[in-house]
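Undergrad: Sharing start.cif, mmCIF, C-alpha atoms and all ligand atoms:
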```cif
data_start
#
loop_
_atom_site.label_atom_id
_atom_site.label_comp_id
_atom_site.auth_asym_id
_atom_site.auth_seq_id
_atom_site.Cartn_x
_atom_site.Cartn_y
_atom_site.Cartn_z
CA MET A 1365 139.04 -127.56 110.93
CA THR A 1366 142.32 -127.47 112.66
CA VAL A 1367 144.15 -129.35 115.36
CA ARG A 1368 144.59 -127.90 118.83
CA LYS A 1369 147.23 -128.70 121.40
CA ILE A 1370 146.22 -129.97 124.82
CA THR A 1371 149.80 -130.54 125.94
CA ASP A 1372 153.06 -130.80 124.00
CA GLU A 1373 152.34 -134.24 122.59
CA ILE A 1374 148.56 -134.47 122.91
CA TYR A 1375 146.44 -132.96 120.17
CA TRP A 1376 142.70 -132.45 119.84
CA ILE A 1377 141.84 -133.62 116.34
CA GLY A 1378 138.06 -133.67 116.62
CA SER A 1379 135.28 -132.01 114.75
CA ILE A 1380 132.57 -129.54 115.67
CA ASP A 1381 129.12 -130.33 114.27
CA TRP A 1382 127.53 -126.87 114.40
CA ASP A 1383 124.39 -127.74 112.48
CA ARG A 1384 123.43 -131.19 113.77
CA ARG A 1385 120.00 -130.95 115.37
CA LEU A 1386 119.11 -134.56 116.15
CA PHE A 1387 121.03 -137.45 117.66
CA ASP A 1388 120.04 -141.09 117.25
CA GLU A 1389 116.92 -139.69 115.51
CA LEU A 1390 115.66 -139.01 119.01
CA ILE A 1391 117.60 -136.47 121.01
CA ALA A 1392 117.32 -132.79 120.13
CA LEU A 1393 120.64 -130.95 119.86
CA PRO A 1394 119.66 -127.27 120.19
CA ASP A 1395 123.33 -126.27 120.37
CA GLY A 1396 124.84 -128.83 117.96
CA THR A 1397 127.59 -131.11 119.25
CA SER A 1398 131.24 -132.02 118.82
CA TYR A 1399 133.17 -135.25 118.47
CA ASN A 1400 136.43 -134.97 120.38
CA SER A 1401 139.15 -137.25 119.13
CA PHE A 1402 142.73 -137.01 120.39
CA LEU A 1403 146.11 -137.91 118.95
CA ILE A 1404 149.12 -138.66 121.12
CA LYS A 1405 152.35 -138.25 119.25
CA SER A 1406 155.52 -140.20 119.89
CA LYS A 1407 158.22 -139.29 117.38
CA ASN A 1408 156.56 -139.95 114.01
CA GLU A 1409 153.93 -142.34 115.35
CA GLY A 1410 150.43 -141.57 116.55
CA LEU A 1411 147.99 -143.14 118.98
CA LEU A 1412 144.35 -142.09 118.59
CA ILE A 1413 141.82 -141.81 121.36
CA ASP A 1414 138.49 -142.51 119.66
CA THR A 1415 137.60 -141.17 116.22
CA VAL A 1416 134.71 -138.98 115.03
CA ASP A 1417 131.31 -139.41 113.42
CA PRO A 1418 131.58 -140.79 109.86
CA ALA A 1419 129.98 -137.57 108.57
CA LYS A 1420 133.21 -135.77 109.59
CA LYS A 1421 135.64 -138.30 108.16
CA GLU A 1422 137.34 -136.03 105.67
CA GLU A 1423 138.07 -133.36 108.25
CA PHE A 1424 139.33 -136.02 110.66
CA PHE A 1425 141.93 -137.32 108.22
CA GLN A 1426 143.03 -133.78 107.39
CA ASN A 1427 143.55 -133.23 111.10
CA ILE A 1428 145.66 -136.38 111.40
CA GLU A 1429 147.79 -135.12 108.50
CA GLU A 1430 148.22 -131.75 110.17
CA THR A 1431 149.93 -133.43 113.16
CA LYS A 1432 152.57 -134.74 110.72
CA VAL A 1433 152.62 -138.28 112.06
CA GLU A 1434 153.74 -140.86 109.53
CA LYS A 1435 151.53 -143.59 110.84
CA ILE A 1436 148.85 -144.40 113.36
CA SER A 1437 149.87 -147.35 115.51
CA TYR A 1438 146.94 -147.62 117.90
CA ILE A 1439 143.38 -146.44 118.45
CA ILE A 1440 141.99 -146.63 121.93
CA ALA A 1441 138.26 -147.28 121.35
CA HIS A 1442 136.28 -146.46 124.48
CA HIS A 1443 132.88 -147.01 122.97
CA ALA A 1444 131.48 -148.76 119.89
CA GLU A 1445 128.84 -146.14 119.04
CA GLN A 1446 129.36 -144.65 115.60
CA ASP A 1447 129.90 -141.04 116.67
CA HIS A 1448 133.25 -142.20 118.13
CA ALA A 1449 134.02 -145.49 116.41
CA GLY A 1450 132.67 -144.58 112.97
CA CYS A 1451 136.07 -143.88 111.36
CA ILE A 1452 137.97 -146.83 112.82
CA LYS A 1453 137.63 -148.93 109.69
CA ASP A 1454 138.95 -146.10 107.53
CA VAL A 1455 141.94 -145.65 109.84
CA LEU A 1456 142.70 -149.38 109.58
CA GLN A 1457 142.46 -149.21 105.81
CA LYS A 1458 144.94 -146.34 105.67
CA TYR A 1459 147.25 -147.76 108.37
CA PRO A 1460 146.85 -151.57 108.16
CA GLU A 1461 149.26 -152.22 111.04
CA CYS A 1462 147.23 -150.14 113.45
CA ARG A 1463 145.64 -152.05 116.35
CA VAL A 1464 142.40 -151.18 118.09
CA VAL A 1465 143.05 -151.13 121.84
CA THR A 1466 139.84 -152.00 123.63
CA ASN A 1467 138.07 -154.46 125.92
CA LYS A 1468 136.43 -157.68 124.85
CA LYS A 1469 132.87 -156.34 124.85
CA CYS A 1470 133.78 -153.36 122.71
CA LYS A 1471 135.79 -155.58 120.39
CA ASN A 1472 132.78 -157.82 119.80
CA LEU A 1473 130.48 -154.86 119.18
CA LEU A 1474 132.98 -153.37 116.72
CA ILE A 1475 133.36 -156.69 114.90
CA ASP A 1476 129.57 -156.82 114.48
CA GLU A 1477 129.19 -153.19 113.47
CA LEU A 1478 132.26 -152.60 111.31
CA HIS A 1479 133.01 -156.21 110.28
CA LEU A 1480 136.56 -155.98 111.62
CA GLU A 1481 138.80 -159.01 112.16
CA GLU A 1482 140.06 -160.44 115.44
CA GLN A 1483 143.64 -159.56 114.37
CA ASN A 1484 142.78 -155.85 114.24
CA PHE A 1485 142.58 -155.76 118.04
CA PHE A 1486 144.76 -155.49 121.11
CA GLU A 1487 142.49 -156.59 123.95
CA ILE A 1488 142.84 -154.96 127.36
CA GLU A 1489 141.64 -155.61 130.93
CA ASP A 1490 140.36 -153.36 133.68
CA GLY A 1491 143.22 -151.57 135.47
CA GLN A 1492 145.78 -152.58 132.84
CA ILE A 1493 148.54 -150.14 131.98
CA PHE A 1494 149.50 -149.69 128.35
CA GLN A 1495 152.67 -147.94 127.25
CA PHE A 1496 153.04 -145.85 124.11
CA GLY A 1497 156.26 -143.83 123.72
CA ASN A 1498 156.93 -142.14 127.02
CA LYS A 1499 153.29 -142.22 128.08
CA ARG A 1500 151.35 -144.62 130.24
CA PHE A 1501 147.64 -145.26 129.76
CA GLN A 1502 145.64 -146.85 132.52
CA PHE A 1503 142.22 -148.31 131.70
CA ILE A 1504 139.32 -147.91 134.08
CA PHE A 1505 136.33 -150.01 133.09
CA ALA A 1506 133.06 -148.15 133.55
CA PRO A 1507 130.29 -150.20 131.96
CA TRP A 1508 127.02 -148.46 131.12
CA VAL A 1509 128.22 -144.95 130.47
CA HIS A 1510 126.06 -145.54 128.45
CA TRP A 1511 126.60 -148.89 126.70
CA PRO A 1512 127.86 -152.14 128.24
CA GLU A 1513 131.40 -151.86 126.84
CA THR A 1514 132.40 -148.35 127.93
CA PHE A 1515 135.63 -147.55 129.80
CA LEU A 1516 137.82 -144.56 130.66
CA THR A 1517 141.56 -143.95 130.14
CA TYR A 1518 143.80 -142.18 132.63
CA LEU A 1519 147.30 -140.83 131.96
CA PRO A 1520 148.90 -140.81 135.43
CA GLU A 1521 151.87 -138.57 134.58
CA GLU A 1522 149.81 -135.98 132.70
CA ARG A 1523 146.84 -136.39 135.07
CA ILE A 1524 144.43 -136.43 132.16
CA LEU A 1525 141.29 -138.54 132.18
CA PHE A 1526 139.63 -139.39 128.86
CA THR A 1527 135.99 -140.23 129.53
CA CYS A 1528 134.36 -140.59 126.09
CA ASP A 1529 130.59 -140.01 126.53
CA PHE A 1530 130.77 -139.85 130.34
CA LEU A 1531 130.75 -136.25 131.70
CA GLY A 1532 130.30 -134.82 128.19
CA SER A 1533 127.92 -132.28 126.73
CA HIS A 1534 126.28 -131.82 123.35
CA LEU A 1535 127.57 -128.35 122.66
CA ALA A 1536 129.15 -126.92 119.51
CA THR A 1537 131.59 -124.21 120.60
CA SER A 1538 134.96 -122.92 119.47
CA ARG A 1539 136.03 -123.00 123.11
CA LEU A 1540 138.19 -126.05 123.71
CA TRP A 1541 137.98 -125.57 127.49
CA SER A 1542 134.96 -125.29 129.69
CA GLU A 1543 134.81 -121.88 131.25
CA ASP A 1544 132.77 -123.07 134.14
CA ASN A 1545 129.71 -121.17 133.01
CA ALA A 1546 125.98 -121.77 133.15
CA ASN A 1547 125.85 -122.60 129.46
CA ILE A 1548 128.08 -125.64 129.82
CA TYR A 1549 126.38 -126.72 133.03
CA HIS A 1550 123.05 -126.67 131.24
CA ALA A 1551 124.33 -128.58 128.19
CA ALA A 1552 126.01 -131.17 130.42
CA LYS A 1553 122.82 -131.58 132.44
CA ARG A 1554 120.75 -132.08 129.28
CA TYR A 1555 123.29 -134.66 128.14
CA TYR A 1556 123.20 -136.44 131.49
CA ALA A 1557 119.38 -136.40 131.51
CA GLU A 1558 118.97 -137.83 128.05
CA ILE A 1559 121.80 -140.31 127.96
CA MET A 1560 123.23 -141.15 131.37
CA MET A 1561 120.38 -140.83 133.88
CA PRO A 1562 119.06 -144.41 133.47
CA PHE A 1563 122.40 -145.72 134.79
CA ARG A 1564 122.62 -143.28 137.69
CA HIS A 1565 122.84 -146.00 140.35
CA LEU A 1566 126.25 -147.10 139.01
CA PHE A 1567 127.81 -143.66 139.00
CA ASN A 1568 128.48 -143.17 142.68
CA GLY A 1569 130.91 -146.05 142.41
CA TYR A 1570 132.62 -144.54 139.37
CA LEU A 1571 132.78 -141.06 140.90
CA GLY A 1572 134.23 -142.61 144.07
CA LYS A 1573 136.97 -144.29 142.02
CA LEU A 1574 137.81 -141.01 140.31
CA GLN A 1575 138.02 -139.21 143.61
CA ASN A 1576 141.03 -141.33 144.49
CA ILE A 1577 143.15 -140.28 141.53
CA PRO A 1578 144.64 -136.85 140.89
CA ILE A 1579 142.98 -135.36 137.82
CA GLU A 1580 143.94 -132.06 136.21
CA ILE A 1581 142.07 -132.40 132.93
CA ILE A 1582 138.91 -134.27 132.03
CA ALA A 1583 138.55 -134.79 128.31
CA PRO A 1584 135.14 -136.13 127.27
CA SER A 1585 134.35 -136.79 123.63
CA HIS A 1586 131.47 -134.33 123.34
CA GLY A 1587 131.65 -130.66 124.28
CA PRO A 1588 134.41 -128.69 125.99
CA LEU A 1589 137.20 -130.20 128.10
CA TYR A 1590 137.42 -129.43 131.80
CA LYS A 1591 140.51 -127.86 133.38
CA LYS A 1592 138.63 -127.61 136.64
CA PRO A 1593 137.33 -131.16 136.91
CA ASP A 1594 135.50 -130.44 140.16
CA PHE A 1595 132.95 -128.43 138.21
CA ILE A 1596 131.62 -131.45 136.33
CA LEU A 1597 132.36 -134.06 139.02
CA ASN A 1598 130.40 -132.07 141.61
CA ALA A 1599 127.54 -131.54 139.17
CA TYR A 1600 127.36 -135.30 138.55
CA LYS A 1601 127.53 -136.04 142.29
CA ASP A 1602 124.55 -133.80 142.76
CA TRP A 1603 122.56 -135.26 139.84
CA VAL A 1604 123.17 -138.89 140.79
CA SER A 1605 122.49 -138.37 144.50
CA ASP A 1606 119.06 -139.26 145.89
CA LYS A 1607 118.47 -135.60 146.72
CA VAL A 1608 115.34 -134.25 145.00
CA SER A 1609 114.22 -130.65 144.61
CA ASN A 1610 111.01 -128.90 145.65
CA GLU A 1611 109.64 -129.14 142.12
CA VAL A 1612 106.54 -130.67 140.55
CA ILE A 1613 106.55 -131.28 136.81
CA ILE A 1614 103.32 -131.78 134.92
CA PRO A 1615 103.62 -133.23 131.41
CA TYR A 1616 100.14 -132.80 129.96
CA ILE A 1617 97.78 -132.70 127.00
CA SER A 1618 94.29 -131.32 126.77
CA MET A 1619 92.18 -131.58 123.61
CA HIS A 1620 89.25 -129.42 124.67
CA GLY A 1621 90.47 -127.68 127.80
CA SER A 1622 89.15 -129.78 130.73
CA THR A 1623 92.47 -131.35 131.66
CA GLU A 1624 94.18 -128.02 131.14
CA LYS A 1625 91.81 -126.37 133.64
CA MET A 1626 92.77 -129.05 136.16
CA VAL A 1627 96.49 -128.53 135.46
CA TYR A 1628 96.32 -124.75 135.85
CA TYR A 1629 94.23 -125.00 139.00
CA LEU A 1630 96.64 -127.50 140.55
CA MET A 1631 99.58 -125.28 139.60
CA ASP A 1632 98.07 -122.28 141.40
CA GLN A 1633 97.42 -124.41 144.44
CA LEU A 1634 101.03 -125.61 144.45
CA ILE A 1635 102.45 -122.13 143.95
CA ASN A 1636 100.33 -120.95 146.90
CA ARG A 1637 102.01 -123.63 148.96
CA ASP A 1638 105.53 -122.49 147.91
CA ILE A 1639 106.12 -125.40 145.58
CA ASN A 1640 107.87 -124.87 142.27
CA VAL A 1641 105.92 -126.26 139.37
CA THR A 1642 106.43 -126.48 135.60
CA PRO A 1643 103.82 -127.59 133.08
CA TYR A 1644 105.05 -129.31 129.93
CA HIS A 1645 102.45 -129.01 127.19
CA LEU A 1646 103.51 -132.06 125.26
CA ILE A 1647 102.72 -130.67 121.82
CA TYR A 1648 105.14 -127.77 122.27
CA THR A 1649 107.68 -129.25 124.67
CA ASP A 1650 111.29 -129.91 123.81
CA ILE A 1651 111.57 -133.41 125.25
CA GLY A 1652 115.14 -132.58 126.31
CA LYS A 1653 113.78 -129.88 128.62
CA LEU A 1654 111.37 -132.36 130.14
CA ALA A 1655 114.27 -134.79 130.61
CA ILE A 1656 116.36 -132.08 132.33
CA SER A 1657 113.58 -131.40 134.80
CA LEU A 1658 113.34 -135.13 135.50
CA VAL A 1659 116.92 -135.02 136.84
CA ASP A 1660 115.84 -133.64 140.20
CA ALA A 1661 112.09 -133.01 140.45
CA ALA A 1662 110.51 -134.64 143.51
CA THR A 1663 107.07 -135.15 141.96
CA ILE A 1664 105.73 -136.01 138.50
CA ILE A 1665 102.04 -135.51 137.68
CA LEU A 1666 100.90 -136.89 134.34
CA ALA A 1667 97.77 -135.20 133.07
CA SER A 1668 95.68 -136.41 130.15
CA PRO A 1669 92.23 -136.64 128.64
CA THR A 1670 90.93 -140.09 127.76
CA VAL A 1671 91.32 -140.97 124.09
CA LEU A 1672 89.83 -144.25 122.86
CA THR A 1673 89.76 -145.53 126.44
CA GLY A 1674 93.42 -144.79 127.22
CA PRO A 1675 95.69 -141.77 127.78
CA HIS A 1676 96.46 -139.42 124.89
CA PRO A 1677 99.38 -140.91 122.88
CA GLN A 1678 101.61 -137.90 123.72
CA VAL A 1679 101.13 -138.64 127.41
CA VAL A 1680 101.94 -142.29 126.76
CA TYR A 1681 105.17 -141.02 125.22
CA ALA A 1682 105.95 -138.92 128.30
CA ALA A 1683 105.14 -141.79 130.67
CA TYR A 1684 107.29 -144.12 128.59
CA LEU A 1685 110.12 -141.59 128.74
CA CYS A 1686 109.83 -141.62 132.54
CA LYS A 1687 109.92 -145.40 132.48
CA ILE A 1688 113.12 -145.60 130.44
CA LEU A 1689 114.98 -142.59 131.88
CA LYS A 1690 114.34 -143.80 135.45
CA PRO A 1691 114.32 -140.41 137.17
CA LYS A 1692 114.82 -140.20 140.92
CA ALA A 1693 111.40 -138.61 141.60
CA LYS A 1694 109.85 -139.83 144.84
CA TYR A 1695 106.17 -139.24 144.02
CA ALA A 1696 103.99 -139.63 140.95
CA GLY A 1697 100.34 -139.01 140.23
CA ILE A 1698 97.74 -138.97 137.47
CA ILE A 1699 95.02 -136.44 136.79
CA GLY A 1700 92.70 -136.18 133.81
CA SER A 1701 89.33 -136.17 132.21
CA PHE A 1702 86.98 -138.61 130.48
CA GLY A 1703 83.57 -138.55 128.82
CA TRP A 1704 81.97 -141.93 129.38
CA GLY A 1705 84.49 -144.60 130.40
CA SER A 1706 88.24 -144.70 130.88
CA LYS A 1707 91.04 -147.08 131.74
CA MET A 1708 93.64 -144.37 131.41
CA GLU A 1709 94.85 -144.69 135.00
CA GLU A 1710 95.50 -148.40 134.57
CA ASP A 1711 97.42 -147.83 131.32
CA ILE A 1712 99.65 -145.11 132.79
CA LEU A 1713 100.29 -147.11 135.96
CA GLN A 1714 101.39 -150.02 133.81
CA LEU A 1715 104.04 -147.77 132.26
CA LEU A 1716 105.18 -146.37 135.60
CA LYS A 1717 105.25 -149.66 137.47
CA ASN A 1718 109.02 -150.01 137.54
CA LEU A 1719 109.62 -146.55 138.97
CA LYS A 1720 110.36 -146.48 142.67
CA VAL A 1721 107.75 -143.82 143.42
CA GLU A 1722 105.01 -143.42 145.97
CA LEU A 1723 101.75 -143.01 144.07
CA LEU A 1724 99.51 -140.04 144.80
CA PRO A 1725 95.71 -140.36 144.59
CA THR A 1726 94.49 -140.28 140.98
CA ILE A 1727 91.92 -137.63 140.10
CA MET A 1728 89.74 -138.43 137.10
CA VAL A 1729 87.01 -135.92 136.27
CA LYS A 1730 83.90 -136.54 134.15
CA SER A 1731 84.24 -134.00 131.36
CA ASN A 1732 84.50 -130.38 132.49
CA PRO A 1733 85.69 -130.09 136.15
CA ARG A 1734 83.18 -128.91 138.80
CA GLU A 1735 83.74 -127.36 142.22
CA GLU A 1736 84.06 -130.73 143.94
CA ASP A 1737 86.76 -131.71 141.44
CA PHE A 1738 88.74 -128.56 142.17
CA ALA A 1739 88.42 -129.38 145.88
CA LYS A 1740 90.05 -132.74 145.19
CA LEU A 1741 92.89 -130.96 143.39
CA SER A 1742 93.38 -128.72 146.45
CA GLN A 1743 93.61 -131.85 148.60
CA LEU A 1744 96.20 -133.25 146.20
CA ALA A 1745 98.18 -130.02 146.57
CA ASP A 1746 98.01 -130.46 150.37
CA ILE A 1747 99.44 -133.98 150.11
CA ILE A 1748 102.24 -132.77 147.80
CA ALA A 1749 102.99 -129.87 150.16
CA LYS A 1750 103.32 -132.31 153.04
CA ASN A 1751 105.61 -134.57 150.98
CA HIS A 1752 107.75 -131.58 149.98
CA SER A 1753 107.89 -129.97 153.42
CA SER A 1754 111.45 -131.14 154.03
CA LEU A 1755 112.61 -129.92 150.59
CA LYS A 1756 111.93 -126.21 150.90
C1 LIG B 1801 89.28 -138.65 119.78
C2 LIG B 1801 88.60 -138.74 121.15
C3 LIG B 1801 88.47 -139.98 121.74
C4 LIG B 1801 87.89 -140.10 123.00
N1 LIG B 1801 87.81 -141.33 123.59
C5 LIG B 1801 87.23 -141.44 124.82
C6 LIG B 1801 87.12 -142.71 125.46
O1 LIG B 1801 87.50 -143.75 124.91
N2 LIG B 1801 86.58 -142.78 126.70
C7 LIG B 1801 86.13 -141.64 127.34
O2 LIG B 1801 85.65 -141.74 128.49
N3 LIG B 1801 86.20 -140.42 126.74
C8 LIG B 1801 86.75 -140.30 125.52
N4 LIG B 1801 86.81 -139.08 124.92
C9 LIG B 1801 86.24 -137.91 125.62
C10 LIG B 1801 87.28 -137.11 126.34
O3 LIG B 1801 88.09 -137.90 127.16
C11 LIG B 1801 86.56 -136.05 127.20
O4 LIG B 1801 85.84 -135.19 126.35
C12 LIG B 1801 87.51 -135.26 128.08
O5 LIG B 1801 86.77 -134.42 128.93
C13 LIG B 1801 88.45 -134.39 127.21
O6 LIG B 1801 89.37 -133.76 128.06
P1 LIG B 1801 90.15 -132.45 127.50
O7 LIG B 1801 89.13 -131.34 127.45
O8 LIG B 1801 91.22 -132.23 128.50
O9 LIG B 1801 90.66 -132.78 126.13
C14 LIG B 1801 87.39 -138.95 123.66
C15 LIG B 1801 87.51 -137.70 123.02
C16 LIG B 1801 88.12 -137.59 121.79
C17 LIG B 1801 88.25 -136.24 121.14
FE FE B 1802 127.41 -143.02 123.06
FE FE B 1803 128.85 -140.07 121.96
#
```
Go ahead and express the file in the form of C-alpha cells.
Ligand SMILES: Cc1cc2nc3c(=O)[nH]c(=O)nc-3n(C[C@H](O)[C@H](O)[C@H](O)COP(=O)(O)O)c2cc1C
Ligand SMILES: [Fe+2]
Ligand SMILES: [Fe+2]

TA:
Amino acid sequence: MTVRKITDEIYWIGSIDWDRRLFDELIALPDGTSYNSFLIKSKNEGLLIDTVDPAKKEEFFQNIEETKVEKISYIIAHHAEQDHAGCIKDVLQKYPECRVVTNKKCKNLLIDELHLEEQNFFEIEDGQIFQFGNKRFQFIFAPWVHWPETFLTYLPEERILFTCDFLGSHLATSRLWSEDNANIYHAAKRYYAEIMMPFRHLFNGYLGKLQNIPIEIIAPSHGPLYKKPDFILNAYKDWVSDKVSNEVIIPYISMHGSTEKMVYYLMDQLINRDINVTPYHLIYTDIGKLAISLVDAATIILASPTVLTGPHPQVVYAAYLCKILKPKAKYAGIIGSFGWGSKMEEDILQLLKNLKVELLPTIMVKSNPREEDFAKLSQLADIIAKNHSSLK
C-alpha cells in the first residue's frame, strides 16, 4: 500500500481490505472494507488518528515509515474496537513515549482489551482543544456511534472532521474521495442499517451540532472520504428522521408452500393498491439487504409456518434482527400457517414487543389457504393501504 496526502501535513495511512467478506462474524461485506488511519506530521513527529485492523499491521507500519516521521508522539483513539484500535499496542511498543489521546471510557475499554497501562494515556474531555504542532484538535463526544466511548475530532483551521465509524461505509475502493455516486450511497446506507440504526434517536442531536461548524472534509475510518459533506449529512438526516416510505417488507419462510402462497397473494394485493413490497426469502436473503430495507420501510410483515409450535427459526432470526436494529417502521404484522396447533404469534410478538409499532391483525391459516383466507389477506392489504395513504 502507499500513503496518500489529504492536505500538506495530513496523510492517509490506512489499508484497503479488498477480500474481507464478514465483519464481527456477522455482517456481510459484499464490497470489502477499508480501515482509514491518518497521520498528521509536525516536523519529524507524527500524530496518528486511529490505527487499522491487526490483520493489516505490517502495511500500516510501512505506511508510517513512508511518511518519514522519526517518532509517533500521539494516537487519537476514537473507538476501542479492534478494526481501529488493534495496532495501538504495537505503536506503543515501537514508540514507548507515545500517548493515547482519548476519553475515560475508551481508555478503560482499551486497558481491558489491550492490557495497556494508565501511563500510556492522555485523557481528554468533551469540547477540549488539543494542540499538536501548528494544528488544533477539538474533541466532540458522540457516544453510541456505535459503542459507548465514541467521539469525533474536528480541526477548526483545516475544517476537517474525523468521525471514525460514524458516517462511514464498508467499501473497498482505490478512490480516496467519495464521488457522490449511488455506489457510495448504497454502501453507506448498508453500513448505517447494520451498525448505526439502533442508535438513531441520538443522531439528530449530533447532526445538529455538526451543522453549526464549518466542515469541508469528513474523514470516516471506513470507506471514502467526503469533500462534499452535505452528501452524507443529508443522507443521515433522511435515514434518522421519522419519515417512512411507502414500502412493505416481508421476511418469510415456507417449508411446503402454504405460507408462500399467502405471501405472494398479499404482495399482489399490495401492488394493486400502489404499495411497494419486497419479499425476503430468508434462506436466500443477504441479511444486509434486509437491514437496508428496514431503514425506511413503513410496514414489516413476518411470515412463517409453524415449526414445533413456534415460528421457523429463520423467522425468529429476522424478528430478532428487527428487535435489535430498532427500525423506524410504524406497522408490523404476522401471517402464517399451521397444521394442528401453534403459538407462533405469541412467540413473534414477544420478540417485537419493544418496537414502537402499531400491530396489524394476525392471519394464521390451517394448512393450505382457502378462499376465505385469501379474503382476509385482501382485508389486510386494505388496512395497509389506508395506513400508507399519506406516504404515496
Ligand atoms: C418440522 C415440522 C414441524 C412442525 N411443527 C408444527 C407444530 O408444532 N404445530 C403445528 O400446528 N404445525 C406444525 N407443523 C405443520 C406446519 O406448520 C404446516 O404444515 C404448515 O401448513 C406449513 O406451512 P408451509 O407450507 O408454509 O411450510 C410442522 C411441520 C414441520 C415440517
Ligand atoms: Fe466500530
Ligand atoms: Fe469500524

Undergrad: Give me the residues near region 1367-1373 of chain A as a CSV table (one decimal) with C-alpha atoms, keeping the file's coordinate frame, where near means some atom within 10 Å (using only C-alpha atoms) and where sequence neighbours in that chain fewer than 5 positions away do not count.

TA:
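Writing done, so here's result_30.csv:
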```csv
chain,number,residue,atom,x,y,z
A,1378,GLY,CA,138.1,-133.7,116.6
A,1379,SER,CA,135.3,-132.0,114.8
A,1402,PHE,CA,142.7,-137.0,120.4
A,1403,LEU,CA,146.1,-137.9,119.0
A,1404,ILE,CA,149.1,-138.7,121.1
A,1405,LYS,CA,152.4,-138.2,119.2
A,1406,SER,CA,155.5,-140.2,119.9
A,1407,LYS,CA,158.2,-139.3,117.4
A,1410,GLY,CA,150.4,-141.6,116.6
A,1424,PHE,CA,139.3,-136.0,110.7
A,1426,GLN,CA,143.0,-133.8,107.4
A,1427,ASN,CA,143.6,-133.2,111.1
A,1428,ILE,CA,145.7,-136.4,111.4
A,1429,GLU,CA,147.8,-135.1,108.5
A,1430,GLU,CA,148.2,-131.8,110.2
A,1431,THR,CA,149.9,-133.4,113.2
A,1499,LYS,CA,153.3,-142.2,128.1
A,1522,GLU,CA,149.8,-136.0,132.7
A,1524,ILE,CA,144.4,-136.4,132.2
A,1540,LEU,CA,138.2,-126.0,123.7
A,1541,TRP,CA,138.0,-125.6,127.5
A,1581,ILE,CA,142.1,-132.4,132.9
A,1583,ALA,CA,138.6,-134.8,128.3
A,1589,LEU,CA,137.2,-130.2,128.1
```

Undergrad: Nearest residue to Asp1447 (chain A) out of A:Asn1610, A:Asn1568, A:Ser1753, A:Ser1585, using all atoms listed in the file?

TA: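 Counting all atoms listed in the file, the residue closest to Asp1447 (chain A) is A:Ser1585.
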
Undergrad: If I take atom C2 of ligand LIG 1801 (chain B) and CA of Gly1652 (chain A), how far is one from the other in Å, to one decimal?

TA: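 Atom-to-atom, atom C2 of ligand LIG 1801 (chain B) and CA of Gly1652 (chain A) are spaced 27.7 Å apart.
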
Undergrad: Got a sec to check which residues lie within 8 Å of ligand FE 1803 (chain B), using all atoms listed in the file, and send them as JSON, numbers by chain?

TA: {"A": [1399, 1445, 1446, 1447, 1448, 1528, 1529, 1585, 1586]}

Undergrad: Put those residues in a file: C-alpha atoms, as a PDB file, in the coordinates of the input.

TA:
```pdb
ATOM      1  CA  TYR A1399     133.170-135.250 118.470  1.00  0.00           C
ATOM      2  CA  GLU A1445     128.840-146.140 119.040  1.00  0.00           C
ATOM      3  CA  GLN A1446     129.360-144.650 115.600  1.00  0.00           C
ATOM      4  CA  ASP A1447     129.900-141.040 116.670  1.00  0.00           C
ATOM      5  CA  HIS A1448     133.250-142.200 118.130  1.00  0.00           C
ATOM      6  CA  CYS A1528     134.360-140.590 126.090  1.00  0.00           C
ATOM      7  CA  ASP A1529     130.590-140.010 126.530  1.00  0.00           C
ATOM      8  CA  SER A1585     134.350-136.790 123.630  1.00  0.00           C
ATOM      9  CA  HIS A1586     131.470-134.330 123.340  1.00  0.00           C
TER      10      HIS A1586
END
```

Undergrad: Check every protein, DNA and RNA residue against ligand LIG 1801 (chain B), keep those with an atom at most 12 Å away (counting only C-alpha atoms and all ligand atoms), and present them as a PyMOL selection string.

TA: chain A and resi 1616-1628+1645+1667-1677+1679+1699-1709+1728-1734

Undergrad: Name each residue within 12 Å of ligand FE 1802 (chain B), counting all atoms listed in the file, as a PyMOL selection string.

TA: chain A and resi 1387-1388+1391+1399+1414+1416-1417+1441-1450+1507-1515+1527-1534+1555-1556+1558-1560+1584-1586

Undergrad: Hey, what's within 12 Å of Asp1650 (chain A) if we count only C-alpha atoms and toss same-chain stuff fewer than 3 positions away? As a list in words, please?

TA: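 After dropping sequence-adjacent residues, the list is Leu1386, Leu1390, Ile1391, Ala1392, Leu1393, Pro1394, Arg1554, Glu1558, Pro1615, Tyr1644, His1645, Leu1646, Ile1647, Lys1653, Leu1654, Ala1655, Ile1656, Ser1657 and Ala1682 of chain A.
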
Undergrad: At what distance in Å, to one decimal, does CA of Asp1490 (chain A) lie from CA of Ile1504 (chain A)?

TA: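 Between CA of Ile1504 (chain A) and CA of Asp1490 (chain A) the gap is 5.6 Å.
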
Undergrad: Which polymer residues, protein or nucleic acid, are no farther than 7 Å from (139.0, -144.6, 131.6), counting only C-alpha atoms, as a short mmCIF file (atom, residue, chain, number, x, y, z; two decimals) with C-alpha atoms, keeping the file's coordinate frame?

TA:
```
data_model
loop_
_atom_site.label_atom_id
_atom_site.label_comp_id
_atom_site.auth_asym_id
_atom_site.auth_seq_id
_atom_site.Cartn_x
_atom_site.Cartn_y
_atom_site.Cartn_z
CA PHE A 1503 142.22 -148.31 131.70
CA ILE A 1504 139.32 -147.91 134.08
CA PHE A 1505 136.33 -150.01 133.09
CA PHE A 1515 135.63 -147.55 129.80
CA LEU A 1516 137.82 -144.56 130.66
CA THR A 1517 141.56 -143.95 130.14
CA TYR A 1518 143.80 -142.18 132.63
CA LEU A 1525 141.29 -138.54 132.18
CA PHE A 1526 139.63 -139.39 128.86
CA THR A 1527 135.99 -140.23 129.53
#
```

Undergrad: Would you compute the distance between CA of Asn1400 (chain A) and CA of Lys1690 (chain A)? Give it in Å to one decimal.

TA: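 Here the two named atoms are 28.2 Å from each other.
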
Undergrad: So which residues touch Trp1603 (chain A) within 10 Å, counting all atoms listed in the file, skipping near sequence neighbours fewer than 3 positions away, as a PyMOL selection string?

TA: chain A and resi 1553+1556-1557+1561+1564+1567+1597-1600+1606-1608+1659-1660+1692

Undergrad: With distances taken over only C-alpha atoms, which residue among A:Gly1587, A:Ile1651, A:Arg1384, A:Thr1537 lies nearest Ser1401 (chain A)?

TA: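 Once distances to Ser1401 (chain A) are computed over only C-alpha atoms, the minimum belongs to A:Gly1587.
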